[in-house]
Amino acid sequence: MNTGCHRPAQRQAGFTLVEAIIVIVITGILAAVVAVFIRAPVEGYLDSVRRAELTDTADVALRRITRDVRLALPNSLRVTTTGGMNYIEFIMTSAGGRYRDPSDGSTGGNFLSFTNTGSTTFDVHGPMPAMNPTVDYIVVYNLGPNHTPTDTAADAYAPADPCTNCNRARISSFTGNTVTLVSNPFPTQVPPLPSPSGRFQVVPGATKAVTYSCPTAAAGNLTRYWNYGFNTAQPTGFASGSQALLAAGGVTCAVAYAPSVGGRSGLLEVQLTLTSGSGANAETVTLQHQIRVDNSP
């Protein structure tokens with residue numbers, strides 16, 4: 001007699017091929033449905049990120065231009081459009097002060113001479129401004145290239161260094177409140193043009209003039225140039241000096257400058273447009289900024 005236990009056959013666990021296919025089909029249908037609903041929000045998010053990046057780049061560039069222009073030497077800002085490019089140029093300043101002059105009531109000390117080229121020292125009223133000896137310049141009563149008479153007498157863009165019949169002198173050294181110049185060009189001005197308020201500005205020799213350039217229509221780069229020297233005519237080519245990209249590719253701009261009646265101030269308007277991508281995927285941001293220019297010499 002067989003007394004052993006009879007064990008029923010066990011069914012093996014798993015998926016059949018049909019079940020696997022059904023799961024794959026259902027999963028695909030669900031994924032397609034979900035994609036239809038989330039595609040637009042995802043694309044909208046990515047577009048907003050691109051717009052935010054473009055806006056940030058444009059805002060930083062305009063803030064940099066604004067900061068520099070507000071440090072511009074009075075009456076040195078000039079704007080030109082040529083060859084499909086806009087150019088904004090000005091002479092940078094880093095500090096300023098007042099020089100000792102007989103008209104201020106001083107009875108002693110070193111006056112800044114407008115009659116004797118051999119007199120190369122003068123005293124500064126108040127704290128000595130920050131200066132870099134042998135490199136930086138002082139400029140007195142800059143009236144710019146459009147003053148009358150039309151010459152270099154009151155135009156810091158005079159290209160020669162040292163210059164004559166001009167208002168720019170290189171600093172040799174300073175001790176206490178006394179500044180020594182490499183040479184004194186002010187007596188050679190025709191006519192001599194001292195500042196009515198005894199003011200002077202310091203121009204950093206490592207920067208000198210600064211230019212911002214950007215395309216008018218065909219998208220390109222927004223570029224800053226500096227330390228290329230002084231030029232009587234506004235330059236549009238820069239074989240020397242330093243340069244840096246503020247925004248690379250996809251940049252266009254519109255620029256307008258209007259000096260005020262009387263010439264003591266001006267308004268620079270800059271419209272910057274940045275584009276990313278092309279065709280239906282293109283994103284464009286336009287920012288416009290007005291910058292007040294102080295032209296009181």
# chains A, B, ... in the order shown; residues from 1 in each chain; ligands from 1
call {"tool": "residues_around", "arguments": {"residues": "Gly237 (chain A)", "least_positions_apart": "2", "cutoff": "12 Å", "atoms": "only C-alpha atoms", "output": "VMD selection string"}}
result
chain A and resid 82 to 83 85 87 211 to 213 225 to 226 228 231 233 to 235 239 to 241 243
call {"tool": "residues_around", "arguments": {"residues": "Thr121 (chain A)", "least_positions_apart": "6", "cutoff": "12 Å", "atoms": "only C-alpha atoms", "output": "list in words"}}
result
Tyr99, Arg100, Asp101, Gly109, Asn110, Phe111, Leu112, Ser113, Phe114, Ala169, Arg170, Ile171, Ser172, Ser173, Phe174, Thr175, Asn177, Thr178, Val179, Thr180, Leu181, Val182, Ser183 and Asn184 of chain A
call {"tool": "write_last_selection", "arguments": {"atoms": "N, CA and C atoms", "output": "PDB file, in the first residue's frame"}}
result
ATOM      1  N   TYR A  99      42.181 122.817  -7.876  1.00  0.00           N
ATOM      2  CA  TYR A  99      43.571 123.273  -7.823  1.00  0.00           C
ATOM      3  C   TYR A  99      43.641 124.693  -7.263  1.00  0.00           C
ATOM      4  N   ARG A 100      44.797 125.032  -6.683  1.00  0.00           N
ATOM      5  CA  ARG A 100      44.994 126.372  -6.141  1.00  0.00           C
ATOM      6  C   ARG A 100      45.156 127.365  -7.291  1.00  0.00           C
ATOM      7  N   ASP A 101      44.384 128.447  -7.214  1.00  0.00           N
ATOM      8  CA  ASP A 101      44.372 129.449  -8.273  1.00  0.00           C
ATOM      9  C   ASP A 101      44.250 130.837  -7.634  1.00  0.00           C
ATOM     10  N   GLY A 109      51.284 129.555  -1.752  1.00  0.00           N
ATOM     11  CA  GLY A 109      51.228 128.189  -2.242  1.00  0.00           C
ATOM     12  C   GLY A 109      51.535 128.106  -3.719  1.00  0.00           C
ATOM     13  N   ASN A 110      51.393 126.918  -4.248  1.00  0.00           N
ATOM     14  CA  ASN A 110      51.685 126.674  -5.666  1.00  0.00           C
ATOM     15  C   ASN A 110      50.408 126.771  -6.479  1.00  0.00           C
ATOM     16  N   PHE A 111      50.347 127.772  -7.346  1.00  0.00           N
ATOM     17  CA  PHE A 111      49.209 127.922  -8.241  1.00  0.00           C
ATOM     18  C   PHE A 111      49.435 127.099  -9.502  1.00  0.00           C
ATOM     19  N   LEU A 112      48.345 126.557 -10.076  1.00  0.00           N
ATOM     20  CA  LEU A 112      48.450 125.932 -11.391  1.00  0.00           C
ATOM     21  C   LEU A 112      48.586 127.050 -12.410  1.00  0.00           C
ATOM     22  N   SER A 113      49.721 127.094 -13.073  1.00  0.00           N
ATOM     23  CA  SER A 113      50.027 128.227 -13.942  1.00  0.00           C
ATOM     24  C   SER A 113      49.429 128.046 -15.334  1.00  0.00           C
ATOM     25  N   PHE A 114      48.813 129.110 -15.839  1.00  0.00           N
ATOM     26  CA  PHE A 114      48.326 129.166 -17.208  1.00  0.00           C
ATOM     27  C   PHE A 114      49.112 130.195 -18.020  1.00  0.00           C
ATOM     28  N   ALA A 169      47.380 116.958 -19.035  1.00  0.00           N
ATOM     29  CA  ALA A 169      48.775 116.872 -18.605  1.00  0.00           C
ATOM     30  C   ALA A 169      48.981 115.597 -17.801  1.00  0.00           C
ATOM     31  N   ARG A 170      50.128 114.945 -18.019  1.00  0.00           N
ATOM     32  CA  ARG A 170      50.427 113.714 -17.280  1.00  0.00           C
ATOM     33  C   ARG A 170      51.006 114.055 -15.900  1.00  0.00           C
ATOM     34  N   ILE A 171      50.606 113.275 -14.919  1.00  0.00           N
ATOM     35  CA  ILE A 171      51.079 113.457 -13.552  1.00  0.00           C
ATOM     36  C   ILE A 171      52.435 112.783 -13.387  1.00  0.00           C
ATOM     37  N   SER A 172      53.387 113.510 -12.823  1.00  0.00           N
ATOM     38  CA  SER A 172      54.697 112.931 -12.544  1.00  0.00           C
ATOM     39  C   SER A 172      54.741 112.324 -11.146  1.00  0.00           C
ATOM     40  N   SER A 173      54.289 113.113 -10.149  1.00  0.00           N
ATOM     41  CA  SER A 173      54.302 112.631  -8.767  1.00  0.00           C
ATOM     42  C   SER A 173      53.418 113.543  -7.928  1.00  0.00           C
ATOM     43  N   PHE A 174      53.181 113.134  -6.686  1.00  0.00           N
ATOM     44  CA  PHE A 174      52.490 114.013  -5.753  1.00  0.00           C
ATOM     45  C   PHE A 174      52.962 113.706  -4.341  1.00  0.00           C
ATOM     46  N   THR A 175      53.074 114.771  -3.555  1.00  0.00           N
ATOM     47  CA  THR A 175      53.505 114.669  -2.160  1.00  0.00           C
ATOM     48  C   THR A 175      52.662 115.615  -1.335  1.00  0.00           C
ATOM     49  N   ASN A 177      49.897 117.750  -0.428  1.00  0.00           N
ATOM     50  CA  ASN A 177      48.822 118.291  -1.264  1.00  0.00           C
ATOM     51  C   ASN A 177      49.362 118.933  -2.528  1.00  0.00           C
ATOM     52  N   THR A 178      50.604 118.568  -2.916  1.00  0.00           N
ATOM     53  CA  THR A 178      51.247 119.160  -4.096  1.00  0.00           C
ATOM     54  C   THR A 178      51.403 118.118  -5.194  1.00  0.00           C
ATOM     55  N   VAL A 179      50.976 118.488  -6.384  1.00  0.00           N
ATOM     56  CA  VAL A 179      51.082 117.618  -7.561  1.00  0.00           C
ATOM     57  C   VAL A 179      52.151 118.173  -8.484  1.00  0.00           C
ATOM     58  N   THR A 180      52.975 117.292  -9.018  1.00  0.00           N
ATOM     59  CA  THR A 180      53.988 117.675 -10.008  1.00  0.00           C
ATOM     60  C   THR A 180      53.630 117.043 -11.344  1.00  0.00           C
ATOM     61  N   LEU A 181      53.632 117.857 -12.406  1.00  0.00           N
ATOM     62  CA  LEU A 181      53.305 117.394 -13.752  1.00  0.00           C
ATOM     63  C   LEU A 181      54.579 117.085 -14.531  1.00  0.00           C
ATOM     64  N   VAL A 182      54.475 116.164 -15.484  1.00  0.00           N
ATOM     65  CA  VAL A 182      55.604 115.896 -16.370  1.00  0.00           C
ATOM     66  C   VAL A 182      55.920 117.147 -17.172  1.00  0.00           C
ATOM     67  N   SER A 183      54.909 117.824 -17.664  1.00  0.00           N
ATOM     68  CA  SER A 183      55.061 119.103 -18.353  1.00  0.00           C
ATOM     69  C   SER A 183      53.749 119.863 -18.210  1.00  0.00           C
ATOM     70  N   ASN A 184      53.798 121.167 -18.401  1.00  0.00           N
ATOM     71  CA  ASN A 184      52.614 122.002 -18.237  1.00  0.00           C
ATOM     72  C   ASN A 184      52.181 122.542 -19.598  1.00  0.00           C
TER      73      ASN A 184
END
call {"tool": "residues_around", "arguments": {"residues": "Pro196 (chain A)", "least_positions_apart": "3", "cutoff": "12 Å", "atoms": "only C-alpha atoms", "output": "number ranges by chain"}}
result
A: 98-104, 140-142, 192-193, 199-200, 296-297
call {"tool": "closest_residue", "arguments": {"among": "A:Val135, A:Val33, A:Ala95, A:Cys253", "to": "Asn221 (chain A)", "atoms": "only C-alpha atoms"}}
result
A:Cys253
call {"tool": "atom_distance", "arguments": {"atom1": "CA of Ser94 (chain A)", "atom2": "CA of Val203 (chain A)"}}
result
6.0 Å
call {"tool": "select_by_dssp", "arguments": {"residues": "region 15-261 of chain A", "states": "helix (DSSP H, G or I)", "output": "PyMOL selection string"}}
result
chain A and resi 17-69+102-104+186-188
call {"tool": "select_by_dssp", "arguments": {"residues": "region 28-91 of chain A", "states": "strand (DSSP E or B)", "output": "list of chain:residue names"}}
result
A:Ala72, A:Arg78, A:Val79, A:Thr80, A:Thr81, A:Thr82, A:Met85, A:Asn86, A:Tyr87, A:Ile88, A:Glu89, A:Phe90, A:Ile91
call {"tool": "write_last_selection", "arguments": {"atoms": "N, CA and C atoms", "output": "PDB file, in the first residue's frame"}}
result
ATOM      1  N   ALA A  72      32.214 109.547 -17.157  1.00  0.00           N
ATOM      2  CA  ALA A  72      32.829 110.139 -18.339  1.00  0.00           C
ATOM      3  C   ALA A  72      33.296 111.562 -18.066  1.00  0.00           C
ATOM      4  N   ARG A  78      30.841 111.016 -27.298  1.00  0.00           N
ATOM      5  CA  ARG A  78      30.506 111.184 -28.716  1.00  0.00           C
ATOM      6  C   ARG A  78      30.000 109.852 -29.263  1.00  0.00           C
ATOM      7  N   VAL A  79      29.025 109.964 -30.166  1.00  0.00           N
ATOM      8  CA  VAL A  79      28.336 108.795 -30.713  1.00  0.00           C
ATOM      9  C   VAL A  79      28.363 108.868 -32.223  1.00  0.00           C
ATOM     10  N   THR A  80      28.621 107.739 -32.857  1.00  0.00           N
ATOM     11  CA  THR A  80      28.581 107.692 -34.315  1.00  0.00           C
ATOM     12  C   THR A  80      28.063 106.336 -34.768  1.00  0.00           C
ATOM     13  N   THR A  81      27.482 106.315 -35.969  1.00  0.00           N
ATOM     14  CA  THR A  81      26.999 105.084 -36.585  1.00  0.00           C
ATOM     15  C   THR A  81      27.618 104.981 -37.971  1.00  0.00           C
ATOM     16  N   THR A  82      28.319 103.890 -38.217  1.00  0.00           N
ATOM     17  CA  THR A  82      28.947 103.685 -39.514  1.00  0.00           C
ATOM     18  C   THR A  82      29.187 102.199 -39.728  1.00  0.00           C
ATOM     19  N   MET A  85      27.387  99.649 -37.539  1.00  0.00           N
ATOM     20  CA  MET A  85      27.736  99.553 -36.129  1.00  0.00           C
ATOM     21  C   MET A  85      27.488 100.889 -35.438  1.00  0.00           C
ATOM     22  N   ASN A  86      27.050 100.821 -34.189  1.00  0.00           N
ATOM     23  CA  ASN A  86      26.948 101.996 -33.327  1.00  0.00           C
ATOM     24  C   ASN A  86      28.173 102.040 -32.426  1.00  0.00           C
ATOM     25  N   TYR A  87      28.751 103.253 -32.254  1.00  0.00           N
ATOM     26  CA  TYR A  87      29.913 103.420 -31.389  1.00  0.00           C
ATOM     27  C   TYR A  87      29.635 104.525 -30.377  1.00  0.00           C
ATOM     28  N   ILE A  88      29.831 104.211 -29.097  1.00  0.00           N
ATOM     29  CA  ILE A  88      29.717 105.178 -28.008  1.00  0.00           C
ATOM     30  C   ILE A  88      31.108 105.339 -27.407  1.00  0.00           C
ATOM     31  N   GLU A  89      31.644 106.553 -27.458  1.00  0.00           N
ATOM     32  CA  GLU A  89      32.995 106.777 -26.935  1.00  0.00           C
ATOM     33  C   GLU A  89      32.984 107.899 -25.900  1.00  0.00           C
ATOM     34  N   PHE A  90      33.861 107.790 -24.919  1.00  0.00           N
ATOM     35  CA  PHE A  90      34.056 108.827 -23.914  1.00  0.00           C
ATOM     36  C   PHE A  90      35.400 108.593 -23.244  1.00  0.00           C
ATOM     37  N   ILE A  91      35.887 109.629 -22.549  1.00  0.00           N
ATOM     38  CA  ILE A  91      37.125 109.520 -21.777  1.00  0.00           C
ATOM     39  C   ILE A  91      36.745 109.234 -20.326  1.00  0.00           C
TER      40      ILE A  91
END
call {"tool": "closest_residue", "arguments": {"among": "A:Val190, A:Ala35, A:Met92, A:Leu17", "to": "Ile65 (chain A)", "atoms": "only C-alpha atoms"}}
result
A:Met92
call {"tool": "atom_distance", "arguments": {"atom1": "CA of Ser242 (chain A)", "atom2": "CA of Arg67 (chain A)"}}
result
18.5 Å
call {"tool": "residues_around", "arguments": {"residues": "region 68-71 of chain A", "least_positions_apart": "2", "cutoff": "12 Å", "atoms": "only C-alpha atoms", "output": "JSON, numbers by chain"}}
result
{"A": [61, 62, 63, 64, 65, 66, 73, 74, 75, 76, 77, 78, 88, 89, 90, 91, 92, 93, 94, 95, 96, 201, 202, 203, 204, 207, 208, 209, 210, 211, 212, 224, 226, 257, 265, 266, 267, 268, 269, 270, 290, 291, 292, 293, 294, 295]}
call {"tool": "write_last_selection", "arguments": {"atoms": "C-alpha atoms", "output": "mmCIF file, in the first residue's frame"}}
result
data_model
loop_
_atom_site.group_PDB
_atom_site.id
_atom_site.type_symbol
_atom_site.label_atom_id
_atom_site.label_comp_id
_atom_site.auth_asym_id
_atom_site.auth_seq_id
_atom_site.Cartn_x
_atom_site.Cartn_y
_atom_site.Cartn_z
ATOM 1 C CA ALA A 61 25.388 95.183 -19.994
ATOM 2 C CA LEU A 62 23.244 98.323 -19.662
ATOM 3 C CA ARG A 63 24.259 98.756 -16.031
ATOM 4 C CA ARG A 64 27.930 98.532 -17.034
ATOM 5 C CA ILE A 65 27.458 101.122 -19.771
ATOM 6 C CA THR A 66 25.559 103.383 -17.363
ATOM 7 C CA LEU A 73 34.908 113.303 -18.594
ATOM 8 C CA PRO A 74 32.522 116.226 -19.184
ATOM 9 C CA ASN A 75 31.945 116.953 -22.880
ATOM 10 C CA SER A 76 33.878 113.856 -23.991
ATOM 11 C CA LEU A 77 30.908 111.665 -24.973
ATOM 12 C CA ARG A 78 30.506 111.184 -28.716
ATOM 13 C CA ILE A 88 29.717 105.178 -28.008
ATOM 14 C CA GLU A 89 32.995 106.777 -26.935
ATOM 15 C CA PHE A 90 34.056 108.827 -23.914
ATOM 16 C CA ILE A 91 37.125 109.520 -21.777
ATOM 17 C CA MET A 92 36.992 107.772 -18.412
ATOM 18 C CA THR A 93 37.686 109.609 -15.140
ATOM 19 C CA SER A 94 38.574 108.117 -11.773
ATOM 20 C CA ALA A 95 38.610 111.162 -9.482
ATOM 21 C CA GLY A 96 38.741 114.932 -9.376
ATOM 22 C CA GLN A 201 39.496 115.652 -13.355
ATOM 23 C CA VAL A 202 41.814 112.650 -13.148
ATOM 24 C CA VAL A 203 41.922 110.398 -16.221
ATOM 25 C CA PRO A 204 43.392 106.919 -15.570
ATOM 26 C CA THR A 207 42.015 103.240 -19.424
ATOM 27 C CA LYS A 208 42.078 106.569 -21.311
ATOM 28 C CA ALA A 209 39.189 106.548 -23.805
ATOM 29 C CA VAL A 210 36.493 103.850 -23.791
ATOM 30 C CA THR A 211 34.267 102.688 -26.656
ATOM 31 C CA TYR A 212 31.201 100.448 -26.690
ATOM 32 C CA ARG A 224 33.923 97.217 -24.818
ATOM 33 C CA TRP A 226 39.680 100.708 -23.777
ATOM 34 C CA TYR A 257 22.614 111.220 -27.762
ATOM 35 C CA SER A 265 24.202 118.007 -19.451
ATOM 36 C CA GLY A 266 23.034 115.471 -21.987
ATOM 37 C CA LEU A 267 20.866 112.392 -22.393
ATOM 38 C CA LEU A 268 22.189 109.152 -23.829
ATOM 39 C CA GLU A 269 19.519 106.633 -24.835
ATOM 40 C CA VAL A 270 20.529 103.030 -25.436
ATOM 41 C CA GLN A 290 18.305 106.574 -20.559
ATOM 42 C CA ILE A 291 21.525 107.849 -19.012
ATOM 43 C CA ARG A 292 22.004 111.403 -17.846
ATOM 44 C CA VAL A 293 25.413 112.786 -18.815
ATOM 45 C CA ASP A 294 27.011 115.501 -16.671
ATOM 46 C CA ASN A 295 28.858 117.946 -18.939
#
call {"tool": "closest_residue", "arguments": {"among": "A:Thr275, A:Leu245, A:Ile38, A:Tyr137", "to": "Asp161 (chain A)", "atoms": "only C-alpha atoms"}}
result
A:Tyr137
call {"tool": "closest_residue", "arguments": {"among": "A:Ala58, A:Ile24, A:Pro187, A:Leu143", "to": "Ser119 (chain A)", "atoms": "only C-alpha atoms"}}
result
A:Pro187
call {"tool": "atom_distance", "arguments": {"atom1": "CA of Gly118 (chain A)", "atom2": "CA of Thr188 (chain A)"}}
result
11.3 Å
call {"tool": "closest_residue", "arguments": {"among": "A:Thr232, A:Asn227, A:Ser276, A:Thr216", "to": "Val255 (chain A)", "atoms": "only C-alpha atoms"}}
result
A:Thr216
